[in-house]
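K.L.:
Structure file final.cif, mmCIF, C-alpha atoms and all ligand atoms, is pasted below:
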data_model
loop_
_atom_site.group_PDB
_atom_site.id
_atom_site.type_symbol
_atom_site.label_atom_id
_atom_site.label_comp_id
_atom_site.auth_asym_id
_atom_site.auth_seq_id
_atom_site.Cartn_x
_atom_site.Cartn_y
_atom_site.Cartn_z
ATOM 1 C CA MET F 1 -2.734 0.465 -18.991
ATOM 2 C CA LYS F 2 -4.834 3.654 -18.756
ATOM 3 C CA GLU F 3 -7.913 1.715 -19.870
ATOM 4 C CA SER F 4 -7.190 -0.963 -17.236
ATOM 5 C CA ILE F 5 -6.890 1.718 -14.544
ATOM 6 C CA ARG F 6 -10.353 2.996 -15.466
ATOM 7 C CA GLU F 7 -11.817 -0.516 -15.364
ATOM 8 C CA GLN F 8 -10.200 -1.212 -12.003
ATOM 9 C CA ILE F 9 -11.564 1.971 -10.424
ATOM 10 C CA LEU F 10 -15.060 1.105 -11.643
ATOM 11 C CA ALA F 11 -14.674 -2.466 -10.387
ATOM 12 C CA VAL F 12 -13.887 -1.237 -6.858
ATOM 13 C CA ARG F 13 -16.899 1.085 -6.878
ATOM 14 C CA GLN F 14 -19.239 -1.567 -8.295
ATOM 15 C CA GLN F 15 -18.111 -4.462 -6.114
ATOM 16 C CA SER F 16 -17.435 -2.535 -2.902
ATOM 17 C CA PRO F 17 -15.021 -5.238 -1.675
ATOM 18 C CA LEU F 18 -14.607 -5.931 2.019
ATOM 19 C CA VAL F 19 -10.983 -5.402 3.070
ATOM 20 C CA HIS F 20 -9.604 -6.802 6.309
ATOM 21 C CA SER F 21 -6.733 -4.827 7.817
ATOM 22 C CA ILE F 22 -4.512 -5.739 10.700
ATOM 23 C CA THR F 23 -2.946 -2.313 10.863
ATOM 24 C CA ASN F 24 -1.409 0.172 13.263
ATOM 25 C CA TYR F 25 -3.181 2.313 15.881
ATOM 26 C CA VAL F 26 -1.970 5.537 14.235
ATOM 27 C CA VAL F 27 -3.750 5.064 10.895
ATOM 28 C CA MET F 28 -6.808 2.918 11.597
ATOM 29 C CA ASN F 29 -9.244 5.796 11.203
ATOM 30 C CA ASN F 30 -7.559 7.370 8.136
ATOM 31 C CA THR F 31 -7.313 4.099 6.260
ATOM 32 C CA ALA F 32 -10.878 3.038 7.065
ATOM 33 C CA ASN F 33 -12.123 6.392 5.754
ATOM 34 C CA ALA F 34 -9.974 6.160 2.626
ATOM 35 C CA LEU F 35 -11.373 2.694 1.875
ATOM 36 C CA LEU F 36 -14.913 4.002 2.234
ATOM 37 C CA ALA F 37 -14.112 7.014 0.035
ATOM 38 C CA VAL F 38 -12.992 4.823 -2.894
ATOM 39 C CA GLY F 39 -16.093 2.667 -2.552
ATOM 40 C CA ALA F 40 -14.667 -0.262 -0.594
ATOM 41 C CA SER F 41 -15.661 -1.478 2.851
ATOM 42 C CA PRO F 42 -13.191 -1.704 5.769
ATOM 43 C CA ILE F 43 -13.004 -4.144 8.648
ATOM 44 C CA MET F 44 -10.256 -4.090 11.267
ATOM 45 C CA ALA F 45 -9.864 -7.019 13.596
ATOM 46 C CA HIS F 46 -7.091 -8.942 15.261
ATOM 47 C CA ALA F 47 -8.573 -11.387 17.806
ATOM 48 C CA HIS F 48 -6.993 -14.808 17.250
ATOM 49 C CA SER F 49 -10.362 -16.522 17.644
ATOM 50 C CA GLU F 50 -11.941 -14.784 14.666
ATOM 51 C CA MET F 51 -9.038 -14.564 12.196
ATOM 52 C CA ALA F 52 -9.843 -17.670 10.142
ATOM 53 C CA ASP F 53 -13.562 -16.816 9.917
ATOM 54 C CA MET F 54 -12.917 -13.166 9.119
ATOM 55 C CA VAL F 55 -10.609 -13.941 6.208
ATOM 56 C CA LYS F 56 -13.307 -16.259 4.775
ATOM 57 C CA ILE F 57 -15.649 -13.314 4.197
ATOM 58 C CA VAL F 58 -13.235 -10.681 2.863
ATOM 59 C CA GLY F 59 -11.781 -9.956 -0.566
ATOM 60 C CA ALA F 60 -8.271 -9.083 0.577
ATOM 61 C CA LEU F 61 -6.100 -8.872 3.688
ATOM 62 C CA VAL F 62 -3.793 -5.957 4.550
ATOM 63 C CA ILE F 63 -0.951 -6.633 6.986
ATOM 64 C CA ASN F 64 0.703 -3.500 8.376
ATOM 65 C CA ILE F 65 3.333 -3.943 11.111
ATOM 66 C CA GLY F 66 3.383 -0.280 12.228
ATOM 67 C CA THR F 67 2.562 -0.933 15.892
ATOM 68 C CA LEU F 68 3.169 -4.660 16.008
ATOM 69 C CA ASP F 69 3.392 -6.711 19.180
ATOM 70 C CA GLU F 70 3.590 -10.399 19.977
ATOM 71 C CA TYR F 71 -0.190 -10.935 20.095
ATOM 72 C CA TRP F 72 -0.746 -9.135 16.793
ATOM 73 C CA VAL F 73 2.015 -11.048 15.049
ATOM 74 C CA LYS F 74 0.172 -14.289 15.833
ATOM 75 C CA SER F 75 -3.036 -12.679 14.492
ATOM 76 C CA MET F 76 -1.160 -11.829 11.304
ATOM 77 C CA GLU F 77 0.116 -15.377 10.887
ATOM 78 C CA LEU F 78 -3.365 -16.850 11.420
ATOM 79 C CA ALA F 79 -4.952 -14.442 8.946
ATOM 80 C CA ILE F 80 -2.240 -14.883 6.303
ATOM 81 C CA GLY F 81 -2.404 -18.668 6.675
ATOM 82 C CA GLN F 82 -6.121 -18.570 5.897
ATOM 83 C CA ALA F 83 -5.662 -16.111 3.000
ATOM 84 C CA ASN F 84 -3.063 -18.394 1.449
ATOM 85 C CA THR F 85 -5.276 -21.460 1.950
ATOM 86 C CA LEU F 86 -8.212 -19.721 0.254
ATOM 87 C CA GLY F 87 -6.075 -18.095 -2.463
ATOM 88 C CA LYS F 88 -7.022 -14.562 -1.430
ATOM 89 C CA PRO F 89 -4.612 -11.659 -2.036
ATOM 90 C CA TRP F 90 -2.706 -10.254 0.941
ATOM 91 C CA ILE F 91 -0.638 -7.096 1.031
ATOM 92 C CA LEU F 92 2.334 -6.401 3.291
ATOM 93 C CA ASP F 93 3.239 -2.904 4.536
ATOM 94 C CA PRO F 94 6.662 -3.282 6.212
ATOM 95 C CA VAL F 95 6.370 -0.099 8.303
ATOM 96 C CA GLY F 96 9.664 0.802 9.955
ATOM 97 C CA ALA F 97 11.636 -2.067 8.376
ATOM 98 C CA GLY F 98 15.245 -1.742 9.479
ATOM 99 C CA ALA F 99 14.387 0.240 12.615
ATOM 100 C CA THR F 100 14.790 -2.621 15.120
ATOM 101 C CA PRO F 101 15.945 -6.267 15.047
ATOM 102 C CA TYR F 102 12.468 -7.395 16.262
ATOM 103 C CA ARG F 103 10.724 -5.741 13.312
ATOM 104 C CA ASP F 104 13.220 -7.259 10.893
ATOM 105 C CA GLU F 105 12.868 -10.766 12.319
ATOM 106 C CA ILE F 106 9.060 -10.614 12.071
ATOM 107 C CA LEU F 107 9.312 -9.279 8.521
ATOM 108 C CA ARG F 108 11.654 -12.130 7.605
ATOM 109 C CA GLN F 109 8.990 -14.598 8.810
ATOM 110 C CA LEU F 110 6.135 -12.763 7.022
ATOM 111 C CA LEU F 111 8.049 -12.679 3.730
ATOM 112 C CA GLU F 112 8.324 -16.473 3.822
ATOM 113 C CA LEU F 113 4.498 -16.532 3.579
ATOM 114 C CA LYS F 114 4.817 -14.843 0.172
ATOM 115 C CA PRO F 115 2.808 -11.629 0.102
ATOM 116 C CA THR F 116 0.832 -11.043 -3.083
ATOM 117 C CA ILE F 117 1.944 -7.399 -2.973
ATOM 118 C CA ILE F 118 4.484 -5.470 -0.883
ATOM 119 C CA ARG F 119 4.268 -1.635 -0.553
ATOM 120 C CA GLY F 120 6.806 0.408 1.365
ATOM 121 C CA ASN F 121 8.929 3.532 1.129
ATOM 122 C CA ALA F 122 12.484 3.302 -0.226
ATOM 123 C CA SER F 123 14.170 2.826 3.162
ATOM 124 C CA GLU F 124 11.738 0.054 4.062
ATOM 125 C CA ILE F 125 12.079 -1.795 0.747
ATOM 126 C CA MET F 126 15.877 -1.579 0.951
ATOM 127 C CA ALA F 127 15.895 -2.840 4.529
ATOM 128 C CA LEU F 128 13.524 -5.664 3.561
ATOM 129 C CA ALA F 129 15.874 -6.793 0.824
ATOM 130 C CA ARG F 130 18.850 -6.224 3.118
ATOM 131 C CA ARG F 131 20.583 -4.571 0.231
ATOM 132 C CA ASN F 132 22.276 -1.176 -0.194
ATOM 133 C CA VAL F 133 21.767 -0.984 3.575
ATOM 134 C CA ALA F 134 19.515 2.020 3.972
ATOM 135 C CA THR F 135 19.490 4.402 6.867
ATOM 136 C CA THR F 136 16.055 4.508 8.455
ATOM 137 C CA LYS F 137 14.452 7.181 10.531
ATOM 138 C CA GLY F 138 11.643 5.300 12.223
ATOM 139 C CA VAL F 139 8.767 5.137 9.764
ATOM 140 C CA ASP F 140 9.992 7.822 7.316
ATOM 141 C CA SER F 141 12.223 7.216 4.322
ATOM 142 C CA THR F 142 15.664 8.750 4.042
ATOM 143 C CA GLU F 143 16.037 7.548 0.442
ATOM 144 C CA GLU F 144 14.526 8.336 -2.963
ATOM 145 C CA SER F 145 12.325 5.575 -4.391
ATOM 146 C CA THR F 146 14.643 5.209 -7.409
ATOM 147 C CA ALA F 147 17.441 4.084 -5.053
ATOM 148 C CA ALA F 148 15.333 1.052 -4.116
ATOM 149 C CA VAL F 149 14.603 -0.364 -7.574
ATOM 150 C CA ASP F 150 17.227 -3.127 -7.297
ATOM 151 C CA ALA F 151 15.911 -4.061 -3.855
ATOM 152 C CA ALA F 152 12.353 -4.167 -5.231
ATOM 153 C CA ARG F 153 13.412 -6.395 -8.143
ATOM 154 C CA TYR F 154 15.205 -8.720 -5.746
ATOM 155 C CA LEU F 155 12.093 -9.038 -3.557
ATOM 156 C CA GLN F 156 9.898 -9.582 -6.619
ATOM 157 C CA GLN F 157 12.082 -12.442 -7.818
ATOM 158 C CA GLN F 158 12.657 -13.981 -4.399
ATOM 159 C CA PHE F 159 9.035 -14.018 -3.193
ATOM 160 C CA GLY F 160 7.006 -13.612 -6.410
ATOM 161 C CA SER F 161 5.296 -10.496 -5.021
ATOM 162 C CA VAL F 162 4.390 -7.331 -6.876
ATOM 163 C CA VAL F 163 6.578 -4.699 -5.169
ATOM 164 C CA CYS F 164 5.678 -0.998 -4.907
ATOM 165 C CA VAL F 165 8.218 1.566 -3.707
ATOM 166 C CA SER F 166 6.428 4.816 -2.869
ATOM 167 C CA GLY F 167 7.867 8.314 -2.808
ATOM 168 C CA ALA F 168 7.985 11.342 -5.111
ATOM 169 C CA VAL F 169 7.900 8.748 -7.884
ATOM 170 C CA ASP F 170 5.973 5.543 -7.177
ATOM 171 C CA ILE F 171 7.649 2.511 -8.721
ATOM 172 C CA ILE F 172 5.711 -0.703 -9.243
ATOM 173 C CA VAL F 173 7.785 -3.766 -10.064
ATOM 174 C CA GLY F 174 6.125 -6.846 -11.535
ATOM 175 C CA LYS F 175 7.519 -10.023 -13.094
ATOM 176 C CA ASP F 176 8.401 -8.458 -16.430
ATOM 177 C CA THR F 177 7.128 -4.899 -16.289
ATOM 178 C CA THR F 178 8.068 -1.890 -14.176
ATOM 179 C CA ILE F 179 5.852 1.179 -14.033
ATOM 180 C CA LEU F 180 6.833 4.621 -12.757
ATOM 181 C CA LEU F 181 4.085 7.007 -11.612
ATOM 182 C CA SER F 182 4.969 10.673 -11.165
ATOM 183 C CA ASN F 183 1.739 11.926 -9.637
ATOM 184 C CA GLY F 184 1.373 13.028 -6.019
ATOM 185 C CA HIS F 185 2.473 16.056 -3.985
ATOM 186 C CA PRO F 186 5.129 16.621 -1.261
ATOM 187 C CA LEU F 187 2.382 17.597 1.216
ATOM 188 C CA MET F 188 1.274 13.943 1.171
ATOM 189 C CA ALA F 189 4.376 13.030 3.174
ATOM 190 C CA LYS F 190 3.275 15.517 5.878
ATOM 191 C CA VAL F 191 0.125 13.532 6.656
ATOM 192 C CA THR F 192 0.789 10.503 8.838
ATOM 193 C CA GLY F 193 -0.025 7.164 7.333
ATOM 194 C CA MET F 194 -0.314 8.270 3.727
ATOM 195 C CA GLY F 195 1.753 5.222 2.817
ATOM 196 C CA CYS F 196 -0.481 3.035 4.982
ATOM 197 C CA THR F 197 -3.439 4.516 3.105
ATOM 198 C CA ALA F 198 -1.763 3.601 -0.172
ATOM 199 C CA THR F 199 -1.410 0.008 1.041
ATOM 200 C CA ALA F 200 -5.037 -0.139 2.197
ATOM 201 C CA LEU F 201 -6.230 1.102 -1.202
ATOM 202 C CA ILE F 202 -4.049 -1.497 -2.912
ATOM 203 C CA GLY F 203 -5.952 -4.019 -0.775
ATOM 204 C CA ALA F 204 -9.279 -2.757 -2.150
ATOM 205 C CA PHE F 205 -8.030 -2.888 -5.745
ATOM 206 C CA ALA F 206 -6.516 -6.349 -5.326
ATOM 207 C CA ALA F 207 -9.808 -7.580 -3.859
ATOM 208 C CA ALA F 208 -11.809 -6.251 -6.808
ATOM 209 C CA ASN F 209 -9.229 -7.424 -9.370
ATOM 210 C CA PRO F 210 -7.595 -10.529 -7.881
ATOM 211 C CA ALA F 211 -6.425 -11.823 -11.273
ATOM 212 C CA ASP F 212 -4.100 -8.860 -11.827
ATOM 213 C CA PRO F 213 -2.339 -7.680 -8.658
ATOM 214 C CA PHE F 214 0.191 -5.672 -10.695
ATOM 215 C CA CYS F 215 -2.452 -3.577 -12.416
ATOM 216 C CA ALA F 216 -4.388 -3.317 -9.145
ATOM 217 C CA THR F 217 -1.317 -1.793 -7.486
ATOM 218 C CA VAL F 218 -0.714 0.660 -10.338
ATOM 219 C CA SER F 219 -4.385 1.714 -10.275
ATOM 220 C CA ALA F 220 -4.500 2.277 -6.532
ATOM 221 C CA MET F 221 -1.276 4.313 -6.556
ATOM 222 C CA ALA F 222 -2.428 6.373 -9.540
ATOM 223 C CA LEU F 223 -5.739 7.173 -7.856
ATOM 224 C CA LEU F 224 -4.084 8.182 -4.573
ATOM 225 C CA GLY F 225 -1.375 10.256 -6.279
ATOM 226 C CA ILE F 226 -3.889 12.213 -8.332
ATOM 227 C CA ALA F 227 -6.167 12.665 -5.324
ATOM 228 C CA GLY F 228 -3.143 14.063 -3.465
ATOM 229 C CA GLU F 229 -2.318 16.430 -6.305
ATOM 230 C CA LYS F 230 -5.861 17.784 -6.487
ATOM 231 C CA ALA F 231 -6.218 17.967 -2.698
ATOM 232 C CA ALA F 232 -2.959 19.949 -2.350
ATOM 233 C CA LYS F 233 -4.391 22.675 -4.594
ATOM 234 C CA VAL F 234 -7.177 23.389 -2.087
ATOM 235 C CA SER F 235 -5.259 22.721 1.163
ATOM 236 C CA ASN F 236 -3.519 25.149 3.518
ATOM 237 C CA GLY F 237 -1.297 22.559 5.175
ATOM 238 C CA PRO F 238 -1.250 18.969 6.483
ATOM 239 C CA GLY F 239 -4.517 19.308 8.437
ATOM 240 C CA SER F 240 -6.783 20.270 5.583
ATOM 241 C CA MET F 241 -4.772 18.003 3.259
ATOM 242 C CA GLN F 242 -5.770 14.970 5.330
ATOM 243 C CA VAL F 243 -9.490 15.581 4.855
ATOM 244 C CA ASN F 244 -9.272 16.979 1.312
ATOM 245 C CA ILE F 245 -7.647 13.762 0.107
ATOM 246 C CA LEU F 246 -10.688 11.821 1.305
ATOM 247 C CA ASP F 247 -12.969 14.137 -0.661
ATOM 248 C CA GLN F 248 -10.839 13.724 -3.782
ATOM 249 C CA LEU F 249 -10.751 9.932 -3.473
ATOM 250 C CA TYR F 250 -14.543 10.058 -3.341
ATOM 251 C CA GLN F 251 -15.051 12.553 -6.185
ATOM 252 C CA LEU F 252 -12.435 11.607 -8.781
ATOM 253 C CA THR F 253 -13.872 9.957 -11.876
ATOM 254 C CA ASP F 254 -12.167 7.105 -13.715
ATOM 255 C CA GLU F 255 -11.854 9.406 -16.761
ATOM 256 C CA ALA F 256 -10.097 12.107 -14.729
ATOM 257 C CA VAL F 257 -7.605 9.588 -13.341
ATOM 258 C CA ALA F 258 -6.887 8.182 -16.820
ATOM 259 C CA SER F 259 -6.288 11.656 -18.226
ATOM 260 C CA MET F 260 -4.129 12.936 -15.328
ATOM 261 C CA VAL F 261 -1.971 9.862 -14.723
ATOM 262 C CA LYS F 262 1.752 10.393 -15.439
ATOM 263 C CA LEU F 263 2.911 6.906 -16.248
ATOM 264 C CA GLU F 264 6.103 5.502 -17.698
ATOM 265 C CA GLU F 265 6.400 1.814 -18.534
ATOM 266 C CA SER F 266 9.525 -0.263 -19.018
ATOM 267 C CA HIS F 267 9.861 -3.936 -19.913
ATOM 268 C CA VAL F 268 12.950 -5.330 -18.252
HETATM 269 N N1 LIG F 301 7.650 14.220 -2.478
HETATM 270 C C1 LIG F 301 6.524 13.637 -2.907
HETATM 271 N N2 LIG F 301 5.960 14.034 -4.079
HETATM 272 C C2 LIG F 301 4.840 13.464 -4.533
HETATM 273 N N3 LIG F 301 4.184 12.461 -3.886
HETATM 274 C C3 LIG F 301 4.678 12.017 -2.740
HETATM 275 C C4 LIG F 301 5.871 12.567 -2.172
HETATM 276 N N4 LIG F 301 6.132 11.922 -1.003
HETATM 277 C C5 LIG F 301 5.148 11.010 -0.847
HETATM 278 N N5 LIG F 301 4.271 11.046 -1.879
HETATM 279 C C6 LIG F 301 3.095 10.186 -2.060
HETATM 280 O O1 LIG F 301 2.552 9.899 -0.796
HETATM 281 C C7 LIG F 301 2.093 8.546 -0.702
HETATM 282 C C8 LIG F 301 2.703 7.898 0.514
HETATM 283 O O2 LIG F 301 4.007 7.553 0.240
HETATM 284 P P1 LIG F 301 5.222 7.622 1.260
HETATM 285 O O3 LIG F 301 6.378 7.101 0.472
HETATM 286 O O4 LIG F 301 5.326 8.956 1.859
HETATM 287 O O5 LIG F 301 4.760 6.528 2.318
HETATM 288 P P2 LIG F 301 5.339 6.126 3.734
HETATM 289 O O6 LIG F 301 6.700 6.702 3.951
HETATM 290 O O7 LIG F 301 5.194 4.668 3.891
HETATM 291 O O8 LIG F 301 4.305 6.864 4.688
HETATM 292 P P3 LIG F 301 3.705 6.439 6.125
HETATM 293 O O9 LIG F 301 4.707 5.580 6.812
HETATM 294 O O10 LIG F 301 3.469 7.756 6.836
HETATM 295 O O11 LIG F 301 2.446 5.717 5.890
HETATM 296 C C9 LIG F 301 2.436 7.894 -2.035
HETATM 297 O O12 LIG F 301 1.276 7.805 -2.828
HETATM 298 C C10 LIG F 301 3.467 8.822 -2.653
HETATM 299 O O13 LIG F 301 3.373 8.866 -4.032
HETATM 300 C C1 LIG F 302 4.038 7.164 13.147
HETATM 301 C C2 LIG F 302 3.841 5.705 13.155
HETATM 302 N N1 LIG F 302 4.442 4.920 14.087
HETATM 303 C C3 LIG F 302 4.146 3.635 13.956
HETATM 304 S S1 LIG F 302 3.109 3.322 12.648
HETATM 305 C C4 LIG F 302 3.017 4.970 12.264
HETATM 306 C C5 LIG F 302 2.174 5.476 11.155
HETATM 307 C C6 LIG F 302 2.919 5.820 9.938
HETATM 308 O O1 LIG F 302 3.590 4.794 9.357
HETATM 309 MG MG MG F 303 4.962 3.541 5.600
#
In structure tokens, how does this file's structure come out?

P.N.:
Amino acid sequence: MKESIREQILAVRQQSPLVHSITNYVVMNNTANALLAVGASPIMAHAHSEMADMVKIVGALVINIGTLDEYWVKSMELAIGQANTLGKPWILDPVGAGATPYRDEILRQLLELKPTIIRGNASEIMALARRNVATTKGVDSTEESTAAVDAARYLQQQFGSVVCVSGAVDIIVGKDTTILLSNGHPLMAKVTGMGCTATALIGAFAAANPADPFCATVSAMALLGIAGEKAAKVSNGPGSMQVNILDQLYQLTDEAVASMVKLEESHV
């Protein structure tokens, strides 16, 4: 796996894939900068009239419901429809799942379109699976990622998606392998949209490595976690952390990521 992570990081930098995000107002700037820092290229658009054409020219589509509304939901459906027609990977970030009935109804409809990859925090993944009914506090998790493993497995089996539960430990659930990553730093949760950034980076890795969405997800999460760890060492708080992570995403070598990754694999 460590060798695959190295290859995937190099593939993103060599290919510089174009990633289309329909994402929330809060994180647009952070996620666009994070995509540039890892070597990918961001585009954010949601006009109905350009969705089908836009998806034709990109490597992956990121769907983040953070600040959804009725117009954007239609944009999402048009973009996902085209991604599925063209066989391009699309990644769902179920921001705030469980917070309101509207969010949950839209998520129910989006799940039916079978995301290639789903990434959320523990509360969101549990709400999405409607299991172990989690308490949610808006967009932040009230649960540990390990509490959501059953929910992630259920979603994986039901929709065929790779499912990533983020938190102190990032858990990536595939068809027959589960990987636990213990990199990262608590300060990451004090920067808004760090999870959205994780999802955007997964989009870049899935675009560069469309044949292996599981490994793409592991690689993106490993890179972000290690960037967070290194950034925390030179940060004074959430403000400097936000910019230092971008520098680390830009500077980290594939060798450094392979040597620092704390990875545990289980076949279940
Ligand atoms: N306590 C922690 N220790 C180490 N890493 C953490 C911790 N909390 C979060 N992270 C890391 O921060 C990143 C974002 O994950 P998090 O679970 O906080 O997303 P999120 O709740 O969806 O965030 P947001 O909604 O603000 O985008 C992940 O890469 C995760 O590993
Ligand atoms: C704070 C917030 N509200 C809607 S989306 C978002 C960004 C973090 O998920
Ligand atoms: Mg989130």

K.L.:
Sorted by chain and rising residue number, list the residues of chain F at most 8 Å from ligand LIG 302 (chain F) (counting all atoms listed in the file), each with its closest atom pair and distance in Å to one decimal, as CSV.

P.N.:
residue,atom,partner,partner_atom,distance
F:Asn24,CA,F:LIG302,S1,5.5
F:Tyr25,CA,F:LIG302,S1,7.1
F:Val26,CA,F:LIG302,C5,5.2
F:Val27,CA,F:LIG302,C5,5.9
F:Ile65,CA,F:LIG302,S1,7.4
F:Gly66,CA,F:LIG302,S1,3.6
F:Thr67,CA,F:LIG302,C3,5.2
F:Val95,CA,F:LIG302,O1,5.7
F:Gly96,CA,F:LIG302,O1,7.3
F:Gly138,CA,F:LIG302,N1,7.4
F:Val139,CA,F:LIG302,O1,5.2
F:Asp140,CA,F:LIG302,O1,7.4
F:Thr192,CA,F:LIG302,C6,5.3
F:Gly193,CA,F:LIG302,C6,4.2
F:Met194,CA,F:LIG302,C6,7.4
F:Gly195,CA,F:LIG302,O1,6.8
F:Cys196,CA,F:LIG302,O1,6.2

K.L.:
Which of these, F:Ala207, F:Ala152, F:Leu10, F:Val73, has the shortest distance to Val55 in chain F once you count all atoms listed in the file?

P.N.:
F:Ala207

K.L.:
Written as a PyMOL selection string, what is the full residue list that the PyMOL selection byres (((chain F and resi 41) around 8) and not hetatm) yields on the file shown?

P.N.:
chain F and resi 16-19+32+35-36+39-40+42-43

K.L.:
So that I can check the surroundings of Ala45 in chain F, please list as a ChimeraX atom specification every protein, DNA and RNA residue that reaches within 8 Å of it, counting all atoms listed in the file and ignoring chain neighbours fewer than 6 positions away.

P.N.:
/F:20-22,51

K.L.:
How many Å lie between CA of Pro89 in chain F and CA of Ala206 in chain F, rounded to one decimal?

P.N.:
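If I compute the distance from CA of Pro89 in chain F to CA of Ala206 in chain F, I get 6.5 Å.
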
K.L.:
Which one of F:Cys215, F:Ile91, F:Ala222, F:Val257 sits closest to ligand LIG 301 (chain F) if you count only C-alpha atoms and all ligand atoms?

P.N.:
F:Ala222

K.L.:
Neighbours of ligand LIG 301 (chain F) within 6 Å, counting all atoms listed in the file, as number ranges by chain?

P.N.:
F: 120-121, 139-141, 166-170, 184-186, 188-189, 192-196, 198, 221, 224-225

K.L.:
Determine, counting only C-alpha atoms, which protein, DNA and RNA residues have an atom within 12 Å of an atom of Leu68 in chain F; residues of the same chain fewer than 6 positions away are not included. Present the result as a PyMOL selection string.

P.N.:
chain F and resi 22-26+46+74-76+93-97+100+102-104+106-107

K.L.:
In Å, with one decimal, what is the gap from CA of Ala227 in chain F to CA of Gln248 in chain F?

P.N.:
5.0 Å

K.L.:
List, as a list in words, every residue that the PyMOL selection byres (((chain F and resi 179) around 9) and not hetatm) selects in the file provided.

P.N.:
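Answer for the PyMOL selection byres (((chain F and resi 179) around 9) and not hetatm): Asp170, Ile171, Ile172, Val173, Gly174, Thr177, Thr178, Leu180, Leu181, Val218, Leu263, Glu264, Glu265, Ser266 and His267 of chain F.
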
K.L.:
Mind pulling up the distance from CA of Asp150 in chain F to CA of Ser123 in chain F?

P.N.:
12.4 Å

K.L.:
Hey, which of F:Thr31, F:Gln82, F:Thr199, F:Thr146 ends up closest to ligand MG 303 (chain F)? Count all atoms listed in the file.

P.N.:
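Nearest to ligand MG 303 (chain F): F:Thr199.
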
K.L.:
Which polymer residues, protein or nucleic acid, are no farther than 10 Å from (13.6, -1.3, 1.7), counting only C-alpha atoms, as a ChimeraX atom specification?

P.N.:
/F:94-98,119-136,141,143,145,147-152,155,165

K.L.:
Determine the residue set returned by the PyMOL selection byres (((chain F and resi 113) around 12) and not hetatm) for the present structure, and present it as a ChimeraX atom specification.

P.N.:
/F:63,76-85,89-92,106-112,114-118,158-161

K.L.:
From the list F:Met1, F:Ala200, F:Val12, F:Leu246, which residue is nearest ligand MG 303 (chain F) when using all atoms listed in the file?

P.N.:
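Under the stated criterion, the closest residue is F:Ala200.
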